[in-house]
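**Student:** I am sharing entry-v7.txt, which consists of compact mmCIF, C-alpha atoms:
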# COMPACT_ATOMS: atom_id res chain seq x y z
CA MET A 1 0.00 0.00 0.00
CA GLU A 2 2.79 2.35 1.02
CA ASN A 3 4.78 1.35 -2.05
CA GLN A 4 1.74 2.06 -4.24
CA LYS A 5 1.39 5.52 -2.63
CA ASN A 6 5.09 6.26 -3.11
CA MET A 7 4.87 5.12 -6.72
CA GLU A 8 1.88 7.37 -7.38
CA GLU A 9 3.53 10.31 -5.62
CA SER A 10 6.72 9.85 -7.65
CA LEU A 11 4.76 9.48 -10.87
CA TRP A 12 2.68 12.61 -10.25
CA ASP A 13 5.87 14.57 -9.58
CA PHE A 14 7.28 13.13 -12.81
CA ILE A 15 4.15 14.05 -14.78
CA ASP A 16 4.06 17.56 -13.26
CA GLY A 17 7.75 18.03 -14.05
CA SER A 18 8.67 18.66 -10.43
CA SER A 19 10.99 15.64 -9.99
CA SER A 20 14.69 16.20 -9.36
CA PRO A 21 16.98 15.21 -12.28
CA ALA A 22 18.11 12.06 -10.41
CA GLU A 23 14.51 11.08 -9.66
CA LYS A 24 13.56 11.78 -13.25
CA ALA A 25 16.28 9.44 -14.48
CA ARG A 26 15.21 6.73 -11.99
CA ILE A 27 11.57 6.94 -13.07
CA THR A 28 12.44 6.99 -16.76
CA HIS A 29 14.43 3.79 -16.23
CA LEU A 30 11.54 2.19 -14.28
CA LEU A 31 9.08 3.15 -17.01
CA GLU A 32 11.28 1.46 -19.58
CA THR A 33 11.68 -1.76 -17.61
CA ASN A 34 8.87 -2.21 -15.08
CA PRO A 35 5.36 -3.21 -16.36
CA ALA A 36 3.66 -2.19 -13.08
CA TRP A 37 5.10 1.31 -13.37
CA GLN A 38 4.18 1.44 -17.07
CA LYS A 39 0.57 0.51 -16.29
CA ALA A 40 0.30 3.03 -13.46
CA TYR A 41 1.87 5.74 -15.59
CA ALA A 42 -0.57 5.14 -18.47
CA ALA A 43 -3.55 5.28 -16.10
CA MET A 44 -2.32 8.46 -14.45
CA MET A 45 -1.70 10.11 -17.80
CA ASP A 46 -5.32 9.30 -18.69
CA MET A 47 -6.49 10.84 -15.42
CA ASN A 48 -4.31 13.86 -16.02
CA ALA A 49 -5.80 14.38 -19.48
CA LEU A 50 -9.28 13.96 -18.03
CA PHE A 51 -8.64 16.55 -15.29
CA ARG A 52 -7.49 19.01 -17.96
CA GLU A 53 -10.70 18.51 -19.91
CA THR A 54 -13.00 19.75 -17.15
CA ASN A 55 -15.55 22.39 -18.07
CA LEU A 56 -15.42 25.83 -16.57
CA GLU A 57 -18.58 27.17 -14.95
CA GLU A 58 -20.15 30.05 -16.87
CA PRO A 59 -21.62 33.11 -15.15
CA SER A 60 -24.91 34.62 -16.31
CA MET A 61 -25.13 36.19 -19.78
CA ARG A 62 -25.28 39.68 -18.28
CA PHE A 63 -22.15 39.19 -16.19
CA SER A 64 -19.62 41.20 -18.19
CA LYS A 65 -22.22 43.92 -18.83
CA ASN A 66 -22.86 44.15 -15.08
CA VAL A 67 -19.13 44.39 -14.41
CA MET A 68 -18.67 47.14 -16.99
CA GLU A 69 -21.61 49.08 -15.58
CA GLU A 70 -20.14 48.77 -12.12
CA ILE A 71 -16.63 49.84 -13.05
CA ALA A 72 -18.03 52.87 -14.87
CA LYS A 73 -18.77 54.21 -11.37
CA HIS A 74 -15.17 53.74 -10.29
CA THR A 75 -11.82 55.19 -11.21
CA ILE A 76 -8.49 53.41 -11.19
CA ALA A 77 -6.83 54.27 -7.90
CA PRO A 78 -3.35 55.75 -8.23
CA SER A 79 -0.53 53.32 -7.68
CA THR A 80 0.36 52.91 -4.02
CA LYS A 81 3.86 54.10 -4.87
CA SER A 82 2.53 57.42 -6.11
CA TYR A 83 0.92 58.43 -2.85
CA VAL A 84 3.27 56.74 -0.43
CA ASN A 85 6.24 59.05 -0.69
CA ASN A 86 9.42 57.16 0.06
CA LYS A 87 11.07 60.30 1.42
CA ILE A 88 8.42 60.55 4.14
CA ILE A 89 8.80 56.87 5.00
CA TYR A 90 12.58 57.23 5.17
CA SER A 91 12.26 60.42 7.26
CA ILE A 92 10.00 58.71 9.78
CA GLY A 93 12.24 55.62 9.84
CA GLY A 94 15.31 57.80 10.24
CA PHE A 95 13.70 59.75 13.03
CA PHE A 96 12.92 56.64 15.04
CA LEU A 97 16.36 55.17 14.39
CA ILE A 98 17.96 58.37 15.66
CA LEU A 99 15.62 58.32 18.65
CA ILE A 100 16.50 54.71 19.53
CA GLY A 101 20.19 55.31 18.84
CA GLY A 102 20.15 58.43 21.03
CA ILE A 103 18.47 56.66 23.92
CA LEU A 104 20.84 53.70 23.67
CA ALA A 105 23.89 55.97 23.52
CA TYR A 106 22.61 57.87 26.53
CA LEU A 107 21.99 54.65 28.46
CA PHE A 108 25.45 53.33 27.75
CA THR A 109 27.02 56.51 29.02
CA GLN A 110 25.01 56.16 32.24
CA ILE A 111 26.10 52.61 33.04
CA ASP A 112 28.28 52.41 36.09
CA TYR A 113 30.74 49.69 35.14
CA SER A 114 32.61 49.85 38.44
CA GLN A 115 29.71 48.41 40.50
CA GLN A 116 28.86 44.72 40.64
CA GLY A 117 25.26 43.54 40.90
CA SER A 118 24.01 41.90 44.07
CA ILE A 119 23.04 38.83 42.09
CA THR A 120 26.02 36.55 41.89
CA ILE A 121 25.14 34.71 38.70
CA PRO A 122 26.34 36.10 36.35
CA SER A 123 28.54 38.08 38.68
CA SER A 124 30.50 39.88 36.00
CA LEU A 125 27.53 41.82 34.59
CA PRO A 126 27.76 45.53 35.32
CA LYS A 127 25.01 47.03 37.40
CA MET A 128 23.04 49.61 35.47
CA ASN A 129 22.57 52.85 37.25
CA THR A 130 20.50 54.80 34.76
CA ASP A 131 19.06 58.22 35.24
CA TRP A 132 15.64 58.19 33.54
CA SER A 133 14.72 61.66 34.68
CA PHE A 134 15.60 63.15 31.29
CA LEU A 135 12.39 61.63 29.93
CA GLY A 136 10.24 63.38 32.49
CA ASN A 137 11.58 66.88 32.46
CA SER A 138 13.50 68.71 30.06
CA THR A 139 13.92 69.87 26.63
CA THR A 140 14.90 66.47 25.19
CA LEU A 141 11.39 65.09 25.45
CA ASN A 142 9.85 68.36 24.36
CA ILE A 143 12.01 68.41 21.24
CA PHE A 144 10.94 64.86 20.35
CA LEU A 145 7.30 65.73 20.89
CA ILE A 146 7.56 68.83 18.72
CA ILE A 147 9.22 66.85 15.90
CA ASP A 148 6.49 64.19 16.18
CA THR A 149 3.78 66.85 15.99
CA VAL A 150 5.38 68.53 12.97
CA LEU A 151 5.67 65.17 11.16
CA GLY A 152 2.04 64.36 12.01
CA LEU A 153 0.85 67.73 10.68
CA PHE A 154 2.95 67.18 7.58
CA LEU A 155 1.28 63.82 6.91
CA VAL A 156 -2.23 65.23 7.51
CA ASP A 157 -1.46 68.08 5.12
CA LYS A 158 -0.23 65.63 2.49
CA PHE A 159 -3.36 63.48 2.88
CA LEU A 160 -5.73 66.46 2.60
CA GLN A 161 -3.81 67.80 -0.39
CA ASN A 162 -4.20 64.45 -2.20
CA LYS A 163 -7.91 64.42 -1.44
CA LYS A 164 -8.25 67.96 -2.77
CA ASP A 165 -6.40 67.04 -5.97
CA LYS A 166 -8.66 64.02 -6.49
CA LEU A 167 -11.79 66.14 -6.07
CA LYS A 168 -10.41 68.69 -8.53
CA ALA A 169 -9.64 65.97 -11.07
CA LYS A 170 -13.11 64.51 -10.68
CA SER A 171 -14.89 67.83 -11.14
CA ALA A 172 -12.72 68.60 -14.18
CA MET B 173 -9.86 44.38 -32.44
CA GLN B 174 -8.26 44.19 -29.00
CA THR B 175 -9.42 40.67 -28.24
CA GLY B 176 -6.23 39.15 -29.60
CA LEU B 177 -3.93 41.35 -27.53
CA PRO B 178 -2.09 39.69 -24.64
CA ASP B 179 -2.81 40.80 -21.07
CA ASN B 180 0.37 42.84 -20.75
CA GLU B 181 -0.60 44.94 -23.77
CA LEU B 182 -4.20 45.42 -22.66
CA ILE B 183 -3.32 46.64 -19.17
CA PRO B 184 -1.54 49.86 -20.28
CA LEU B 185 -4.57 50.65 -22.46
CA VAL B 186 -6.89 50.23 -19.48
CA LEU B 187 -4.63 52.44 -17.38
CA LYS B 188 -4.92 55.12 -20.07
CA GLY B 189 -8.70 55.00 -19.66
CA ASP B 190 -9.74 52.49 -22.32
CA GLN B 191 -12.55 50.60 -20.59
CA GLN B 192 -13.17 48.43 -23.66
CA ALA B 193 -9.71 46.96 -23.15
CA TYR B 194 -10.80 46.00 -19.65
CA LYS B 195 -13.91 44.35 -21.09
CA VAL B 196 -11.59 42.10 -23.11
CA LEU B 197 -9.89 41.05 -19.87
CA VAL B 198 -13.28 40.48 -18.19
CA ASP B 199 -14.44 38.32 -21.10
CA ARG B 200 -11.15 36.43 -21.06
CA TYR B 201 -11.17 35.60 -17.36
CA GLN B 202 -14.82 35.64 -16.29
CA SER B 203 -15.27 31.87 -16.55
CA TYR B 204 -12.07 31.19 -14.58
CA ILE B 205 -12.92 33.66 -11.84
CA PHE B 206 -16.52 32.53 -11.68
CA THR B 207 -15.45 28.86 -11.49
CA LEU B 208 -12.99 29.61 -8.68
CA ALA B 209 -15.65 31.56 -6.79
CA PHE B 210 -18.20 28.82 -7.40
CA ARG B 211 -15.80 26.16 -6.08
CA LEU B 212 -15.45 28.20 -2.90
CA MET B 213 -19.04 29.39 -2.45
CA GLN B 214 -20.89 26.38 -3.87
CA SER B 215 -23.69 28.77 -4.84
CA ARG B 216 -24.07 30.41 -8.23
CA GLU B 217 -25.58 33.63 -6.83
CA ASP B 218 -22.78 34.13 -4.31
CA ALA B 219 -20.16 33.17 -6.89
CA GLU B 220 -21.48 35.75 -9.33
CA GLU B 221 -21.44 38.46 -6.69
CA VAL B 222 -17.88 37.56 -5.66
CA ALA B 223 -16.70 37.35 -9.28
CA GLN B 224 -18.12 40.80 -10.02
CA ASP B 225 -16.47 42.18 -6.89
CA VAL B 226 -13.14 40.65 -8.01
CA PHE B 227 -13.23 42.44 -11.36
CA VAL B 228 -14.16 45.77 -9.75
CA LYS B 229 -11.35 45.43 -7.18
CA ALA B 230 -8.88 44.44 -9.88
CA TYR B 231 -9.90 47.46 -11.98
CA ARG B 232 -9.54 49.86 -9.08
CA SER B 233 -6.10 48.57 -8.13
CA LEU B 234 -4.81 47.88 -11.63
CA ALA B 235 -2.16 50.59 -11.25
CA ASP B 236 -0.60 48.44 -8.54
CA PHE B 237 -0.11 45.50 -10.91
CA LYS B 238 3.55 45.81 -11.86
CA GLY B 239 3.86 42.66 -13.93
CA GLY B 240 5.89 40.82 -11.29
CA SER B 241 3.64 37.84 -11.88
CA LYS B 242 1.20 36.76 -14.57
CA PHE B 243 -1.93 38.92 -14.65
CA SER B 244 -3.98 35.74 -14.14
CA THR B 245 -2.04 34.90 -10.95
CA TRP B 246 -2.65 38.43 -9.65
CA LEU B 247 -6.35 38.19 -10.53
CA TYR B 248 -6.74 34.73 -8.96
CA THR B 249 -5.11 36.03 -5.77
CA ILE B 250 -7.75 38.78 -5.60
CA ALA B 251 -10.41 36.14 -6.30
CA HIS B 252 -9.15 33.84 -3.54
CA ASN B 253 -8.92 36.63 -0.97
CA THR B 254 -12.29 38.12 -1.94
CA GLY B 255 -13.92 34.70 -1.71
CA ILE B 256 -12.44 34.01 1.72
CA THR B 257 -13.49 37.45 2.98
CA TYR B 258 -16.99 36.94 1.58
CA LEU B 259 -17.27 33.57 3.29
CA ARG B 260 -16.10 35.05 6.59
CA LYS B 261 -18.64 37.83 6.27
CA LYS B 262 -21.38 35.33 5.68
CA LYS B 263 -20.03 33.38 8.64
CA GLN B 264 -19.95 30.26 6.58
CA LYS B 265 -17.47 27.70 7.72
CA MET B 266 -14.76 26.81 5.29
CA VAL B 267 -14.78 23.07 4.79
CA ALA B 268 -11.59 21.65 6.16
CA ILE B 269 -9.63 19.31 3.94
CA ASP B 270 -10.50 16.23 5.97
CA ASP B 271 -14.03 17.16 6.94
CA GLU B 272 -15.58 13.79 6.29
CA SER B 273 -19.04 14.84 7.49
CA THR B 274 -19.22 17.38 4.70
CA PHE B 275 -18.06 14.81 2.21
CA THR B 276 -20.75 12.45 3.42
CA GLN B 277 -23.34 15.20 3.03
CA LEU B 278 -22.13 15.94 -0.48
CA GLU B 279 -22.01 12.26 -1.31
CA ASN B 280 -25.62 11.86 -0.22
CA GLN B 281 -26.58 14.71 -2.52
CA GLU B 282 -24.70 12.97 -5.26
CA SER B 283 -26.50 9.64 -4.89
CA ASP B 284 -29.63 11.10 -6.50
CA PHE B 285 -27.53 12.44 -9.29
CA LYS B 286 -25.91 9.08 -9.78
CA ALA B 287 -29.23 7.30 -9.98
CA ASN B 288 -30.87 9.70 -12.40
CA GLN B 289 -28.39 11.46 -14.56
CA VAL B 290 -25.10 9.70 -14.74
CA GLU B 291 -25.95 7.83 -17.89
CA ASP B 292 -26.42 11.08 -19.78
CA LYS B 293 -23.26 12.69 -18.58
CA SER B 294 -20.09 12.95 -20.57
CA ARG B 295 -16.66 12.28 -19.17
CA LYS B 296 -16.12 16.01 -18.67
CA ASP B 297 -19.31 16.38 -16.68
CA MET B 298 -18.36 13.39 -14.59
CA VAL B 299 -15.11 15.07 -13.55
CA ASN B 300 -16.90 18.36 -12.92
CA ARG B 301 -19.44 16.69 -10.65
CA ALA B 302 -16.66 14.84 -8.84
CA ILE B 303 -14.78 18.14 -8.31
CA GLU B 304 -17.93 19.65 -6.78
CA MET B 305 -17.81 16.85 -4.22
CA LEU B 306 -14.34 17.89 -3.05
CA SER B 307 -13.71 20.41 -0.29
CA PRO B 308 -13.46 24.03 -1.56
CA ASP B 309 -9.69 24.07 -0.95
CA ASP B 310 -9.12 20.87 -2.92
CA ALA B 311 -11.48 21.99 -5.69
CA GLN B 312 -9.67 25.33 -5.95
CA ILE B 313 -6.24 23.71 -6.17
CA ILE B 314 -7.40 21.29 -8.86
CA THR B 315 -9.05 24.14 -10.82
CA LEU B 316 -6.06 26.46 -10.55
CA PHE B 317 -3.62 23.74 -11.56
CA TYR B 318 -5.53 22.13 -14.41
CA ARG B 319 -7.65 24.98 -15.79
CA GLY B 320 -6.06 28.13 -14.43
CA ASP B 321 -2.68 27.13 -15.86
CA GLN B 322 -0.96 27.99 -12.60
CA SER B 323 2.25 26.35 -11.38
CA LEU B 324 2.65 25.03 -7.83
CA ASP B 325 4.60 28.18 -6.91
CA GLU B 326 1.87 30.40 -8.34
CA ILE B 327 -0.87 28.49 -6.51
CA ALA B 328 1.16 28.84 -3.31
CA ALA B 329 1.28 32.63 -3.87
CA ILE B 330 -2.45 32.78 -4.62
CA MET B 331 -3.50 30.77 -1.58
CA GLY B 332 -0.82 32.09 0.78
CA LEU B 333 0.69 28.64 1.35
CA GLU B 334 4.11 27.03 1.06
CA THR B 335 4.83 25.39 -2.30
CA ASN B 336 5.38 22.01 -0.60
CA THR B 337 2.01 22.29 1.15
CA VAL B 338 0.35 22.94 -2.21
CA LYS B 339 2.17 19.94 -3.69
CA VAL B 340 0.92 17.67 -0.89
CA ARG B 341 -2.61 19.09 -1.13
CA LEU B 342 -2.67 18.64 -4.89
CA PHE B 343 -1.62 15.01 -4.49
CA ARG B 344 -4.34 14.41 -1.89
CA ALA B 345 -6.93 16.27 -3.97
CA ARG B 346 -6.17 14.06 -6.98
CA GLN B 347 -6.47 10.95 -4.82
CA LYS B 348 -9.81 12.10 -3.48
CA LEU B 349 -11.03 13.05 -6.92
CA LYS B 350 -10.09 9.63 -8.22
CA GLU B 351 -11.89 7.99 -5.28
CA LYS B 352 -15.04 10.01 -5.92
CA MET B 353 -14.98 9.13 -9.58
CA GLU B 354 -14.49 5.46 -8.85
CA LYS B 355 -17.25 5.50 -6.25
CA PHE B 356 -19.90 7.45 -8.13
CA PHE B 357 -18.96 7.03 -11.75
CA SER B 358 -17.61 3.53 -11.77
CA GLU B 359 -18.86 2.75 -15.26
CA GLU B 360 -17.09 5.72 -16.79
CA VAL B 361 -13.94 5.14 -14.80
CA SER B 362 -13.85 1.51 -15.81
CA ASN B 363 -13.33 2.75 -19.35
CA LEU B 364 -10.14 4.29 -18.11
CA GLN B 365 -7.25 2.20 -16.94
CA THR B 366 -7.19 2.01 -13.14
CA VAL B 367 -4.08 2.79 -11.20
Do you think you could lay out the structure here as structure tokens?
**Tutor:**
Amino acid sequence: MENQKNMEESLWDFIDGSSSPAEKARITHLLETNPAWQKAYAAMMDMNALFRETNLEEPSMRFSKNVMEEIAKHTIAPSTKSYVNNKIIYSIGGFFLILIGGILAYLFTQIDYSQQGSITIPSSLPKMNTDWSFLGNSTTLNIFLIIDTVLGLFLVDKFLQNKKDKLKAKSA
Amino acid sequence: MQTGLPDNELIPLVLKGDQQAYKVLVDRYQSYIFTLAFRLMQSREDAEEVAQDVFVKAYRSLADFKGGSKFSTWLYTIAHNTGITYLRKKKQKMVAIDDESTFTQLENQESDFKANQVEDKSRKDMVNRAIEMLSPDDAQIITLFYRGDQSLDEIAAIMGLETNTVKVRLFRARQKLKEKMEKFFSEEVSNLQTV
């Protein structure tokens, strides 16, 4: 039973053209010499031809007319590339990379490498003595927030501008 | 005039606003899309609605088709996704590959067919009826492979599966199709050589 399944699997791969070259050579040899494989191959080729002959289902006669009437109400949307400006994506990506890089750099400068942690395993890890207060007060956070707000306003402006252009094009 | 043009020459015309060029594409693919939708929905009304939706979606997003794949593969992907979304919306359960209860239900429906109509059916109809007895996934794979002219890699892209998974599913779908044909259309199958 298992052998039969393996034979069928190998033969389907062979018929579909997805056998490896070595497997292809093995099956070609078997088909030349082995009557059981020859019989199975002939039957599967018949099945394959039969599967290819199947009829397609047909929609109603009005189908293409309905589709054309429907698409007359629509316009082709501009390509995603045309309204997703790569410069904006890169700017946002760059901003966050700088933000993460800045925070990491700050953290590393705050690590007190001279102290050992109270936990013994692993004893060699430095104890982190980080001052997080910069996030709560100061200009650093305010600057980040301002940049975020400006980028947000920039994106909203871009979105509204696109909408306005579309409306103009439609009315024209 | 445009009916003989290949897909990749029709698409730029559509993008320039030639809707008749799009009609050529609709005429070319409507049977394929409708068949795929019908395999999934198992209802002609739903399949027609889904197929129409597929062509509208494809038209609206045609500018995003960059020719990285065949147009048919791109269109079938939209059809597959639209069909799945439609089924989810209707809260219909997708039939799992090994859902034997569904098969039994379908087989019971088929027994009437066997008794009354099988003698009048051609070999093609026999295979079509047997495909209808498969699960939607299996029926879709068989249709895409044999009628949609899609490779295993392309079917994998359409259905969001690994190529090896598609290969295994195709093998199992063929086995099941053969079993159905032998069970319900034994006379016709006996004319073929059995494996």
**Student:** What does the distance between atom CA of Asn180 of chain B and atom CA of Ser18 of chain A come to in Å, to one decimal place?
**Tutor:** 27.6 Å
**Student:** Write out as a PDB file with C-alpha atoms, keeping the file's coordinate frame which residues come within 10 Å of Tyr318 of chain B when counting only C-alpha atoms, dropping same-chain ones fewer than 2 positions away.
**Tutor:**
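Final output, part_4.pdb:
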ATOM      1  CA  ASN A  48      -4.310  13.860 -16.020  1.00  0.00           C
ATOM      2  CA  ALA A  49      -5.800  14.380 -19.480  1.00  0.00           C
ATOM      3  CA  LEU A  50      -9.280  13.960 -18.030  1.00  0.00           C
ATOM      4  CA  PHE A  51      -8.640  16.550 -15.290  1.00  0.00           C
ATOM      5  CA  ARG A  52      -7.490  19.010 -17.960  1.00  0.00           C
ATOM      6  CA  GLU A  53     -10.700  18.510 -19.910  1.00  0.00           C
ATOM      7  CA  THR A  54     -13.000  19.750 -17.150  1.00  0.00           C
TER       8      THR A  54
ATOM      9  CA  GLN B 312      -9.670  25.330  -5.950  1.00  0.00           C
ATOM     10  CA  ILE B 313      -6.240  23.710  -6.170  1.00  0.00           C
ATOM     11  CA  ILE B 314      -7.400  21.290  -8.860  1.00  0.00           C
ATOM     12  CA  THR B 315      -9.050  24.140 -10.820  1.00  0.00           C
ATOM     13  CA  LEU B 316      -6.060  26.460 -10.550  1.00  0.00           C
ATOM     14  CA  GLY B 320      -6.060  28.130 -14.430  1.00  0.00           C
ATOM     15  CA  ASP B 321      -2.680  27.130 -15.860  1.00  0.00           C
ATOM     16  CA  GLN B 322      -0.960  27.990 -12.600  1.00  0.00           C
ATOM     17  CA  SER B 323       2.250  26.350 -11.380  1.00  0.00           C
TER      18      SER B 323
END
**Student:** Between atom CA of Phe144 of chain A and atom CA of Val156 of chain A, what is the distance, to one decimal in Å?
**Tutor:**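 The value is 18.4 Å.
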**Student:** Give me, as CSV, each residue of chain B that comes within 8 Å of chain A, together with its shortest interatomic pair and the distance in Å at one decimal, counting all atoms listed in the file, with rows ordered by chain and rising residue number.
**Tutor:**
residue,atom,partner,partner_atom,distance
B:Leu187,CA,A:Ile76,CA,7.4
B:Gln191,CA,A:Met68,CA,7.9
B:Lys195,CA,A:Met68,CA,6.9
B:Val198,CA,A:Ser64,CA,6.4
B:Asp199,CA,A:Ser64,CA,6.6
B:Gln202,CA,A:Pro59,CA,7.3
B:Ser203,CA,A:Glu58,CA,5.2
B:Tyr204,CA,A:Leu56,CA,6.6
B:Phe206,CA,A:Pro59,CA,6.2
B:Thr207,CA,A:Glu57,CA,5.0
B:Phe210,CA,A:Glu57,CA,7.7
B:Arg216,CA,A:Pro59,CA,7.8
B:Glu220,CA,A:Pro59,CA,6.4
B:Gln224,CA,A:Val67,CA,5.8
B:Phe227,CA,A:Val67,CA,6.9
B:Val228,CA,A:Ile71,CA,5.8
B:Tyr231,CA,A:Ile76,CA,6.2
B:Arg232,CA,A:Ile76,CA,4.3
B:Ser233,CA,A:Ala77,CA,5.8
B:Leu234,CA,A:Ile76,CA,6.7
B:Ala235,CA,A:Ser79,CA,4.8
B:Asp236,CA,A:Ser79,CA,5.0
B:Arg295,CA,A:Leu50,CA,7.7
B:Lys296,CA,A:Thr54,CA,5.1
B:Asp297,CA,A:Thr54,CA,7.2
B:Val299,CA,A:Thr54,CA,6.3
B:Asn300,CA,A:Thr54,CA,5.9
B:Tyr318,CA,A:Arg52,CA,5.1
B:Arg319,CA,A:Arg52,CA,6.4
B:Phe343,CA,A:Glu9,CA,7.1
B:Leu364,CA,A:Ala43,CA,7.0
B:Gln365,CA,A:Ala43,CA,4.9
B:Thr366,CA,A:Ala43,CA,5.7
B:Val367,CA,A:Ala40,CA,4.9
**Student:** For atom CA of Phe357 of chain B and atom CA of Thr337 of chain B, quote the distance in Å rounded to one decimal.
**Tutor:**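 Atom CA of Thr337 of chain B lies 29.0 Å from atom CA of Phe357 of chain B.
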**Student:** Give as number ranges by chain the set of residues within 7 Å of the point (-17.1, 12.6, -11.0), where distances use the file's coordinates and only C-alpha atoms.
**Tutor:** B: 298-303, 352-353, 356-357
**Student:** Could you pull the residues within 12 Å of Glu181 of chain B, counting all atoms listed in the file, minus those fewer than 2 positions along the same chain, as a list in words?
**Tutor:**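 The filter keeps Gln174, Thr175, Gly176, Leu177, Pro178, Asp179, Ile183, Pro184, Leu185, Val186, Leu187, Lys188, Asp190, Ala193, Tyr194, Val196, Leu197, Gly239 and Phe243 of chain B.
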**Student:** Can you sort out the box for segment 103-106 of chain A, edges along x, y and z, all listed atoms in, 6 Å on every side, with centre and edge lengths in Å to one decimal, as JSON?
**Tutor:**
{"center_x": 21.2, "center_y": 55.8, "center_z": 25.0, "size_x": 17.4, "size_y": 16.2, "size_z": 15.0}
**Student:** Counting all atoms listed in the file, which of B:Phe237, B:Ser307, B:Asp225, B:Leu342 gets nearest to Ile327 of chain B?
**Tutor:**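 Ranking B:Phe237, B:Ser307, B:Asp225, B:Leu342 by distance to Ile327 of chain B, first place goes to B:Leu342.
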